[in-house]
file start-v6.cif (mmCIF, N, CA and C atoms)
data_model
#
loop_
_atom_site.label_atom_id
_atom_site.label_comp_id
_atom_site.auth_asym_id
_atom_site.auth_seq_id
_atom_site.Cartn_x
_atom_site.Cartn_y
_atom_site.Cartn_z
N ARG V 1299 0.55 -8.04 57.37
CA ARG V 1299 -0.01 -7.69 56.06
C ARG V 1299 1.09 -7.07 55.20
N PRO V 1300 1.25 -7.51 53.92
CA PRO V 1300 2.29 -6.96 53.07
C PRO V 1300 2.00 -5.51 52.68
N SER V 1301 3.04 -4.75 52.49
CA SER V 1301 2.93 -3.35 52.13
C SER V 1301 2.42 -3.22 50.70
N SER V 1302 1.59 -2.21 50.45
CA SER V 1302 1.07 -1.99 49.11
C SER V 1302 2.08 -1.22 48.24
N SER V 1303 3.15 -0.74 48.86
CA SER V 1303 4.16 0.01 48.11
C SER V 1303 4.99 -0.94 47.26
N SER V 1304 5.30 -0.50 46.04
CA SER V 1304 6.11 -1.33 45.14
C SER V 1304 7.60 -1.18 45.43
N ARG V 1305 7.96 -0.17 46.24
CA ARG V 1305 9.36 0.04 46.56
C ARG V 1305 9.81 -0.94 47.63
N SER V 1306 11.08 -1.30 47.56
CA SER V 1306 11.60 -2.24 48.55
C SER V 1306 11.81 -1.53 49.88
N ALA V 1307 11.71 -2.28 50.97
CA ALA V 1307 11.89 -1.71 52.29
C ALA V 1307 13.37 -1.44 52.57
N ILE V 1308 14.26 -2.17 51.89
CA ILE V 1308 15.69 -1.98 52.09
C ILE V 1308 16.19 -0.94 51.11
N PRO V 1309 16.77 0.15 51.60
CA PRO V 1309 17.26 1.17 50.68
C PRO V 1309 18.44 0.64 49.86
N ILE V 1310 18.44 0.95 48.60
CA ILE V 1310 19.51 0.52 47.70
C ILE V 1310 20.58 1.59 47.67
N VAL V 1311 21.83 1.16 47.83
CA VAL V 1311 22.95 2.10 47.79
C VAL V 1311 23.51 2.10 46.38
N LEU V 1312 23.64 3.30 45.81
CA LEU V 1312 24.19 3.41 44.47
C LEU V 1312 25.70 3.18 44.49
N PRO V 1313 26.26 2.67 43.37
CA PRO V 1313 27.72 2.54 43.29
C PRO V 1313 28.36 3.92 43.35
N ASP V 1314 29.62 3.99 43.78
CA ASP V 1314 30.27 5.29 43.91
C ASP V 1314 30.51 5.98 42.57
N TRP V 1315 30.44 5.24 41.45
CA TRP V 1315 30.63 5.87 40.14
C TRP V 1315 29.36 6.56 39.64
N CYS V 1316 28.25 6.44 40.38
CA CYS V 1316 26.98 7.07 39.99
C CYS V 1316 26.68 8.21 40.96
N GLU V 1317 27.02 9.42 40.56
CA GLU V 1317 26.73 10.60 41.39
C GLU V 1317 26.42 11.78 40.48
N LYS V 1318 25.85 12.82 41.05
CA LYS V 1318 25.43 14.00 40.28
C LYS V 1318 26.61 14.57 39.50
N GLY V 1319 26.34 14.84 38.21
CA GLY V 1319 27.36 15.43 37.34
C GLY V 1319 28.23 14.42 36.61
N THR V 1320 28.11 13.14 36.96
CA THR V 1320 28.93 12.11 36.34
C THR V 1320 28.39 11.75 34.95
N ASN V 1321 29.31 11.49 34.02
CA ASN V 1321 28.93 11.01 32.69
C ASN V 1321 28.87 9.50 32.73
N LEU V 1322 27.75 8.94 32.25
CA LEU V 1322 27.53 7.50 32.25
C LEU V 1322 27.04 7.06 30.89
N VAL V 1323 26.83 5.75 30.74
CA VAL V 1323 26.26 5.20 29.53
C VAL V 1323 24.90 4.61 29.89
N TYR V 1324 23.87 4.96 29.13
CA TYR V 1324 22.53 4.42 29.32
C TYR V 1324 22.30 3.39 28.22
N ILE V 1325 21.91 2.17 28.60
CA ILE V 1325 21.62 1.12 27.63
C ILE V 1325 20.11 1.05 27.46
N SER V 1326 19.65 1.31 26.24
CA SER V 1326 18.22 1.30 25.94
C SER V 1326 17.66 -0.11 26.08
N LYS V 1327 16.54 -0.22 26.79
CA LYS V 1327 15.89 -1.52 26.96
C LYS V 1327 15.22 -1.95 25.66
N SER V 1328 14.72 -1.00 24.87
CA SER V 1328 13.97 -1.35 23.67
C SER V 1328 14.85 -1.83 22.53
N ASN V 1329 16.02 -1.18 22.32
CA ASN V 1329 16.84 -1.58 21.17
C ASN V 1329 18.29 -1.90 21.53
N GLY V 1330 18.65 -1.77 22.80
CA GLY V 1330 19.99 -2.14 23.23
C GLY V 1330 21.08 -1.14 22.89
N GLN V 1331 20.71 0.01 22.32
CA GLN V 1331 21.71 1.01 21.95
C GLN V 1331 22.28 1.69 23.19
N ALA V 1332 23.55 2.09 23.10
CA ALA V 1332 24.22 2.79 24.20
C ALA V 1332 24.20 4.30 23.92
N HIS V 1333 23.83 5.07 24.94
CA HIS V 1333 23.77 6.53 24.82
C HIS V 1333 24.57 7.14 25.97
N THR V 1334 25.38 8.15 25.69
CA THR V 1334 26.08 8.84 26.77
C THR V 1334 25.11 9.81 27.43
N VAL V 1335 25.12 9.81 28.75
CA VAL V 1335 24.20 10.64 29.54
C VAL V 1335 24.97 11.27 30.69
N GLN V 1336 24.35 12.25 31.32
CA GLN V 1336 24.91 12.88 32.51
C GLN V 1336 23.88 12.79 33.62
N VAL V 1337 24.36 12.48 34.82
CA VAL V 1337 23.46 12.39 35.97
C VAL V 1337 23.06 13.81 36.36
N GLU V 1338 21.78 14.08 36.26
CA GLU V 1338 21.23 15.41 36.58
C GLU V 1338 21.01 15.52 38.09
N LYS V 1339 20.38 14.49 38.69
CA LYS V 1339 20.20 14.49 40.14
C LYS V 1339 19.88 13.08 40.63
N ILE V 1340 20.09 12.89 41.91
CA ILE V 1340 19.79 11.62 42.57
C ILE V 1340 18.59 11.88 43.48
N GLU V 1341 17.52 11.14 43.24
CA GLU V 1341 16.32 11.29 44.07
C GLU V 1341 16.29 10.14 45.08
N GLU V 1342 16.82 10.39 46.27
CA GLU V 1342 16.91 9.35 47.31
C GLU V 1342 15.53 8.84 47.73
N ARG V 1343 14.59 9.76 47.91
CA ARG V 1343 13.27 9.37 48.39
C ARG V 1343 12.54 8.45 47.41
N GLN V 1344 12.61 8.80 46.11
CA GLN V 1344 11.96 7.97 45.10
C GLN V 1344 12.86 6.84 44.61
N GLN V 1345 14.11 6.83 45.05
CA GLN V 1345 15.11 5.84 44.63
C GLN V 1345 15.26 5.85 43.10
N MET V 1346 15.45 7.06 42.56
CA MET V 1346 15.60 7.25 41.11
C MET V 1346 16.82 8.10 40.80
N VAL V 1347 17.43 7.81 39.64
CA VAL V 1347 18.52 8.62 39.11
C VAL V 1347 17.96 9.35 37.90
N VAL V 1348 18.02 10.68 37.90
CA VAL V 1348 17.55 11.47 36.76
C VAL V 1348 18.74 11.72 35.86
N ILE V 1349 18.62 11.30 34.59
CA ILE V 1349 19.71 11.47 33.63
C ILE V 1349 19.25 12.34 32.48
N ARG V 1350 20.23 12.99 31.82
CA ARG V 1350 19.95 13.81 30.64
C ARG V 1350 20.89 13.34 29.53
N PHE V 1351 20.34 13.14 28.34
CA PHE V 1351 21.12 12.62 27.21
C PHE V 1351 22.04 13.68 26.63
N ASP V 1352 23.31 13.30 26.37
CA ASP V 1352 24.27 14.23 25.78
C ASP V 1352 23.89 14.62 24.35
N SER V 1353 23.30 13.68 23.60
CA SER V 1353 22.95 13.94 22.20
C SER V 1353 21.82 14.95 22.06
N ASN V 1354 20.94 15.02 23.07
CA ASN V 1354 19.85 15.98 23.06
C ASN V 1354 19.55 16.34 24.52
N ARG V 1355 20.03 17.49 24.96
CA ARG V 1355 19.92 17.90 26.36
C ARG V 1355 18.46 18.11 26.80
N LYS V 1356 17.52 18.15 25.87
CA LYS V 1356 16.11 18.32 26.24
C LYS V 1356 15.50 17.00 26.72
N VAL V 1357 16.16 15.88 26.38
CA VAL V 1357 15.62 14.57 26.73
C VAL V 1357 16.20 14.10 28.06
N TRP V 1358 15.32 13.70 28.98
CA TRP V 1358 15.75 13.19 30.28
C TRP V 1358 14.97 11.93 30.60
N LYS V 1359 15.44 11.21 31.60
CA LYS V 1359 14.81 9.94 31.95
C LYS V 1359 15.11 9.66 33.42
N ARG V 1360 14.18 8.95 34.06
CA ARG V 1360 14.38 8.50 35.45
C ARG V 1360 14.70 7.01 35.43
N VAL V 1361 15.79 6.63 36.08
CA VAL V 1361 16.20 5.23 36.14
C VAL V 1361 16.15 4.80 37.60
N PRO V 1362 15.43 3.71 37.91
CA PRO V 1362 15.37 3.23 39.29
C PRO V 1362 16.73 2.77 39.79
N PHE V 1363 17.00 3.00 41.08
CA PHE V 1363 18.26 2.57 41.70
C PHE V 1363 18.55 1.10 41.42
N ILE V 1364 17.51 0.27 41.42
CA ILE V 1364 17.68 -1.17 41.26
C ILE V 1364 18.32 -1.52 39.90
N GLU V 1365 18.19 -0.62 38.91
CA GLU V 1365 18.77 -0.84 37.59
C GLU V 1365 20.19 -0.31 37.46
N VAL V 1366 20.72 0.27 38.54
CA VAL V 1366 22.09 0.77 38.53
C VAL V 1366 22.91 -0.20 39.38
N ARG V 1367 23.53 -1.16 38.71
CA ARG V 1367 24.22 -2.22 39.43
C ARG V 1367 25.69 -1.89 39.66
N LYS V 1368 26.21 -2.38 40.76
CA LYS V 1368 27.59 -2.12 41.18
C LYS V 1368 28.61 -2.51 40.11
N PHE V 1369 28.36 -3.62 39.40
CA PHE V 1369 29.34 -4.12 38.45
C PHE V 1369 29.21 -3.51 37.06
N GLY V 1370 28.32 -2.53 36.90
CA GLY V 1370 28.20 -1.82 35.63
C GLY V 1370 27.54 -2.64 34.54
N ASP V 1371 26.64 -3.58 34.93
CA ASP V 1371 25.96 -4.39 33.93
C ASP V 1371 24.46 -4.11 33.89
N GLY V 1372 24.04 -2.98 34.43
CA GLY V 1372 22.62 -2.61 34.44
C GLY V 1372 22.29 -1.63 33.33
N THR V 1373 21.16 -0.93 33.51
CA THR V 1373 20.72 0.06 32.52
C THR V 1373 21.69 1.23 32.46
N LEU V 1374 22.17 1.66 33.62
CA LEU V 1374 23.19 2.72 33.67
C LEU V 1374 24.54 2.09 33.95
N ARG V 1375 25.52 2.48 33.16
CA ARG V 1375 26.86 1.91 33.29
C ARG V 1375 27.90 3.01 33.32
N PRO V 1376 29.04 2.75 33.96
CA PRO V 1376 30.09 3.77 33.99
C PRO V 1376 30.68 3.99 32.60
N LEU V 1377 31.08 5.21 32.34
CA LEU V 1377 31.75 5.56 31.08
C LEU V 1377 33.23 5.54 31.42
N TRP V 1378 33.90 4.48 31.04
CA TRP V 1378 35.29 4.29 31.48
C TRP V 1378 36.25 5.29 30.88
N LYS V 1379 36.07 5.66 29.61
CA LYS V 1379 37.02 6.58 28.98
C LYS V 1379 36.26 7.74 28.34
N LYS V 1380 36.08 8.83 29.07
CA LYS V 1380 35.42 10.01 28.53
C LYS V 1380 36.43 10.87 27.77
N THR V 1381 37.67 10.94 28.27
CA THR V 1381 38.71 11.74 27.62
C THR V 1381 39.93 10.86 27.39
N GLU V 1382 40.74 11.28 26.43
CA GLU V 1382 41.97 10.54 26.17
C GLU V 1382 42.98 10.86 27.25
N VAL V 1383 43.64 9.83 27.71
CA VAL V 1383 44.66 9.99 28.74
C VAL V 1383 45.98 9.57 28.12
N ALA V 1384 47.03 10.38 28.32
CA ALA V 1384 48.34 10.05 27.78
C ALA V 1384 48.87 8.79 28.46
N THR V 1385 49.43 7.91 27.65
CA THR V 1385 49.97 6.66 28.19
C THR V 1385 51.47 6.73 28.38
N VAL V 1386 52.09 7.77 27.82
CA VAL V 1386 53.53 7.98 28.00
C VAL V 1386 53.75 9.44 28.37
N PRO V 1387 54.84 9.75 29.07
CA PRO V 1387 55.05 11.14 29.50
C PRO V 1387 55.28 12.12 28.35
N GLN V 1388 55.87 11.67 27.24
CA GLN V 1388 56.08 12.56 26.09
C GLN V 1388 56.07 11.75 24.80
N LYS V 1389 55.93 12.45 23.66
CA LYS V 1389 55.91 11.77 22.37
C LYS V 1389 57.29 11.19 22.07
N PRO V 1390 57.35 9.98 21.52
CA PRO V 1390 58.64 9.42 21.15
C PRO V 1390 59.27 10.23 20.01
N ALA V 1391 60.59 10.21 19.89
CA ALA V 1391 61.31 10.98 18.88
C ALA V 1391 60.91 10.58 17.47
N ASN V 1392 60.60 9.31 17.25
CA ASN V 1392 60.24 8.84 15.90
C ASN V 1392 58.74 8.82 15.67
N PHE V 1393 57.97 9.58 16.44
CA PHE V 1393 56.52 9.61 16.34
C PHE V 1393 56.09 10.24 15.02
N VAL V 1394 55.15 9.59 14.31
CA VAL V 1394 54.61 10.11 13.07
C VAL V 1394 53.14 10.42 13.31
N ASP V 1395 52.77 11.69 13.12
CA ASP V 1395 51.39 12.11 13.32
C ASP V 1395 50.63 11.87 12.03
N VAL V 1396 49.57 11.06 12.09
CA VAL V 1396 48.75 10.76 10.92
C VAL V 1396 47.57 11.71 10.92
N ASP V 1397 47.34 12.36 9.78
CA ASP V 1397 46.22 13.29 9.65
C ASP V 1397 44.92 12.51 9.76
N ALA V 1398 44.02 12.93 10.63
CA ALA V 1398 42.75 12.22 10.84
C ALA V 1398 41.86 12.28 9.61
N ASP V 1399 41.98 13.35 8.79
CA ASP V 1399 41.13 13.50 7.61
C ASP V 1399 41.65 12.71 6.41
N ALA V 1400 42.94 12.33 6.43
CA ALA V 1400 43.52 11.60 5.31
C ALA V 1400 42.96 10.18 5.28
N SER V 1401 42.62 9.73 4.10
CA SER V 1401 42.08 8.37 4.01
C SER V 1401 43.24 7.39 4.06
N PRO V 1402 43.09 6.32 4.82
CA PRO V 1402 44.18 5.36 4.95
C PRO V 1402 44.36 4.60 3.63
N GLU V 1403 45.59 4.17 3.37
CA GLU V 1403 45.85 3.38 2.18
C GLU V 1403 45.22 2.02 2.38
N VAL V 1404 44.56 1.56 1.34
CA VAL V 1404 43.88 0.28 1.41
C VAL V 1404 44.69 -0.73 0.63
N SER V 1405 45.04 -1.82 1.28
CA SER V 1405 45.76 -2.86 0.56
C SER V 1405 44.75 -3.86 0.04
N GLY V 1406 45.01 -4.38 -1.10
CA GLY V 1406 44.10 -5.33 -1.70
C GLY V 1406 44.48 -5.53 -3.15
N PRO V 1407 43.64 -6.18 -3.92
CA PRO V 1407 43.99 -6.41 -5.32
C PRO V 1407 44.05 -5.10 -6.09
N ALA V 1408 44.95 -5.06 -7.09
CA ALA V 1408 45.09 -3.87 -7.92
C ALA V 1408 43.84 -3.73 -8.80
N PRO V 1409 43.48 -2.50 -9.16
CA PRO V 1409 42.32 -2.33 -10.02
C PRO V 1409 42.54 -3.02 -11.37
N ASN V 1410 41.50 -3.56 -11.95
CA ASN V 1410 41.57 -4.27 -13.22
C ASN V 1410 41.76 -3.26 -14.35
N PRO V 1411 42.87 -3.36 -15.12
CA PRO V 1411 43.08 -2.40 -16.21
C PRO V 1411 42.11 -2.62 -17.37
N ASN V 1412 41.52 -3.82 -17.47
CA ASN V 1412 40.58 -4.14 -18.55
C ASN V 1412 39.21 -4.43 -17.96
N PRO V 1413 38.44 -3.41 -17.64
CA PRO V 1413 37.13 -3.67 -17.05
C PRO V 1413 36.20 -4.34 -18.06
N VAL V 1414 35.23 -5.06 -17.57
CA VAL V 1414 34.26 -5.74 -18.42
C VAL V 1414 33.35 -4.69 -19.06
N VAL V 1415 33.16 -4.82 -20.39
CA VAL V 1415 32.31 -3.88 -21.11
C VAL V 1415 31.13 -4.68 -21.67
N ASP V 1416 29.92 -4.15 -21.51
CA ASP V 1416 28.74 -4.81 -22.04
C ASP V 1416 28.78 -4.80 -23.56
N ALA V 1417 28.44 -5.94 -24.18
CA ALA V 1417 28.39 -6.03 -25.63
C ALA V 1417 27.19 -5.28 -26.18
N GLU V 1418 26.07 -5.31 -25.47
CA GLU V 1418 24.86 -4.61 -25.90
C GLU V 1418 24.42 -3.68 -24.79
N PRO V 1419 23.88 -2.53 -25.12
CA PRO V 1419 23.40 -1.65 -24.06
C PRO V 1419 22.19 -2.26 -23.37
N SER V 1420 22.04 -1.93 -22.11
CA SER V 1420 20.88 -2.42 -21.38
C SER V 1420 19.64 -1.71 -21.89
N PRO V 1421 18.43 -2.27 -21.67
CA PRO V 1421 17.20 -1.66 -22.20
C PRO V 1421 17.03 -0.20 -21.80
N GLU V 1422 17.51 0.19 -20.62
CA GLU V 1422 17.35 1.58 -20.18
C GLU V 1422 18.21 2.52 -21.02
N GLU V 1423 19.31 1.98 -21.58
CA GLU V 1423 20.24 2.84 -22.31
C GLU V 1423 19.88 3.00 -23.79
N VAL V 1424 18.92 2.25 -24.28
CA VAL V 1424 18.52 2.35 -25.70
C VAL V 1424 17.80 3.67 -25.90
N SER V 1425 18.24 4.44 -26.89
CA SER V 1425 17.63 5.75 -27.11
C SER V 1425 16.27 5.58 -27.79
N PRO V 1426 15.33 6.48 -27.52
CA PRO V 1426 13.99 6.37 -28.11
C PRO V 1426 14.01 6.58 -29.62
N GLU V 1427 15.04 7.22 -30.19
CA GLU V 1427 15.10 7.47 -31.62
C GLU V 1427 15.51 6.23 -32.39
N ALA V 1428 15.94 5.18 -31.72
CA ALA V 1428 16.40 3.98 -32.42
C ALA V 1428 15.25 3.39 -33.23
N PRO V 1429 15.53 2.96 -34.47
CA PRO V 1429 14.44 2.40 -35.30
C PRO V 1429 13.96 1.07 -34.73
N GLU V 1430 12.66 0.84 -34.87
CA GLU V 1430 12.09 -0.40 -34.39
C GLU V 1430 12.46 -1.52 -35.36
N PRO V 1431 12.64 -2.73 -34.86
CA PRO V 1431 12.94 -3.83 -35.77
C PRO V 1431 11.75 -4.05 -36.72
N SER V 1432 12.06 -4.50 -37.94
CA SER V 1432 10.98 -4.68 -38.93
C SER V 1432 10.01 -5.74 -38.45
N LYS V 1433 8.73 -5.48 -38.73
CA LYS V 1433 7.67 -6.41 -38.32
C LYS V 1433 7.46 -7.41 -39.45
N LYS V 1434 7.11 -8.62 -39.11
CA LYS V 1434 6.83 -9.64 -40.11
C LYS V 1434 5.50 -9.33 -40.79
N ARG V 1435 5.48 -9.58 -42.10
CA ARG V 1435 4.24 -9.38 -42.84
C ARG V 1435 3.41 -10.65 -42.73
N PRO V 1436 2.11 -10.48 -42.71
CA PRO V 1436 1.26 -11.68 -42.68
C PRO V 1436 1.48 -12.51 -43.96
N ALA V 1437 1.42 -13.79 -43.77
CA ALA V 1437 1.63 -14.69 -44.92
C ALA V 1437 0.47 -14.55 -45.92
N SER V 1438 0.79 -14.49 -47.20
CA SER V 1438 -0.26 -14.36 -48.19
C SER V 1438 -0.85 -15.73 -48.49
N VAL V 1439 -2.17 -15.74 -48.72
CA VAL V 1439 -2.88 -17.00 -48.96
C VAL V 1439 -3.11 -17.22 -50.42
#
call {"tool": "encode", "arguments": {"input": "start-v6.cif", "output": "structure tokens"}}
result
Amino acid sequence: RPSSSSRSAIPIVLPDWCEKGTNLVYISKSNGQAHTVQVEKIEERQQMVVIRFDSNRKVWKRVPFIEVRKFGDGTLRPLWKKTEVATVPQKPANFVDVDADASPEVSGPAPNPNPVVDAEPSPEEVSPEAPEPSKKRPASV
């Protein structure tokens, strides 16, 4: 007789990148958005991973082990780059530090020195004090 339990009889082993305290990416099933999360705890008995969202620490969610795939293509995925890692041992001598707040120069066509000017104001721009155009008089019989 088949078991009435919905859980599989074979225990699922989580990938080594999914453990308590690890930062991961949660992919929303409803809209596909990626959210950074932290593994709060691993529930072996229920085969669930409890995660808490970084954007709002009050929000948590349980993700079944079956949705945490080894290759990182499931609901929970590894966060490959949480911090910046130096790629060279020291800054090069000719290194130029660009200010993050400075807006980058945009290349493209030069601004038009002769912008187009409307010949007549639009209806919204007509002032209410403007005189009404003369009305035609009825033709005399």
call {"tool": "closest_residue", "arguments": {"input": "start-v6.cif", "among": "V:Ile1325, V:Ile1340, V:Val1357, V:Val1347", "to": "Gly1372 of chain V", "atoms": "all atoms listed in the file"}}
result
V:Ile1325
call {"tool": "atom_distance", "arguments": {"input": "start-v6.cif", "atom1": "atom CA of Val1337 of chain V", "atom2": "atom CA of Arg1350 of chain V"}}
result
6.5 Å
call {"tool": "closest_residue", "arguments": {"input": "start-v6.cif", "among": "V:Pro1362, V:Gln1331, V:Leu1322, V:Pro1309", "to": "Pro1376 of chain V", "atoms": "all atoms listed in the file"}}
result
V:Leu1322
call {"tool": "residues_around", "arguments": {"input": "start-v6.cif", "residues": "Ile1349 of chain V", "least_positions_apart": "2", "cutoff": "6 Å", "atoms": "only C-alpha atoms", "output": "count of residues only"}}
result
5
call {"tool": "atom_distance", "arguments": {"input": "start-v6.cif", "atom1": "atom N of Val1323 of chain V", "atom2": "atom N of Gly1370 of chain V"}}
result
10.4 Å
call {"tool": "axis_aligned_box", "arguments": {"input": "start-v6.cif", "around": "segment 1312-1329 of chain V", "padding_each_side": "4 Å", "output": "AutoDock Vina command-line options"}}
result
--center_x 22.3 --center_y 6.7 --center_z 33.5 --size_x 24.7 --size_y 25.4 --size_z 32.6
call {"tool": "atom_distance", "arguments": {"input": "start-v6.cif", "atom1": "atom C of Trp1378 of chain V", "atom2": "atom C of Arg1343 of chain V"}}
result
29.1 Å
call {"tool": "residues_around", "arguments": {"input": "start-v6.cif", "residues": "Glu1365 of chain V", "least_positions_apart": "6", "cutoff": "10 Å", "atoms": "only C-alpha atoms", "output": "compact mmCIF listing (two decimals) with N, CA and C atoms, in the frame of the given file"}}
result
# COMPACT_ATOMS: atom_id res chain seq x y z
N LEU V 1312 23.64 3.30 45.81
CA LEU V 1312 24.19 3.41 44.47
C LEU V 1312 25.70 3.18 44.49
N MET V 1346 15.45 7.06 42.56
CA MET V 1346 15.60 7.25 41.11
C MET V 1346 16.82 8.10 40.80
N VAL V 1347 17.43 7.81 39.64
CA VAL V 1347 18.52 8.62 39.11
C VAL V 1347 17.96 9.35 37.90
N ASP V 1371 26.64 -3.58 34.93
CA ASP V 1371 25.96 -4.39 33.93
C ASP V 1371 24.46 -4.11 33.89
N GLY V 1372 24.04 -2.98 34.43
CA GLY V 1372 22.62 -2.61 34.44
C GLY V 1372 22.29 -1.63 33.33
N THR V 1373 21.16 -0.93 33.51
CA THR V 1373 20.72 0.06 32.52
C THR V 1373 21.69 1.23 32.46
N LEU V 1374 22.17 1.66 33.62
CA LEU V 1374 23.19 2.72 33.67
C LEU V 1374 24.54 2.09 33.95
N ARG V 1375 25.52 2.48 33.16
CA ARG V 1375 26.86 1.91 33.29
C ARG V 1375 27.90 3.01 33.32
call {"tool": "closest_residue", "arguments": {"input": "start-v6.cif", "among": "V:Glu1342, V:Val1394, V:Ile1364, V:Leu1377", "to": "Thr1320 of chain V", "atoms": "only C-alpha atoms"}}
result
V:Leu1377
call {"tool": "resolve_selection", "arguments": {"input": "start-v6.cif", "expression": "the PyMOL selection byres (((chain V and resi 1352 and name CA) around 7) and name CA)", "output": "PyMOL selection string"}}
result
chain V and resi 1334-1336+1350-1351+1353-1355
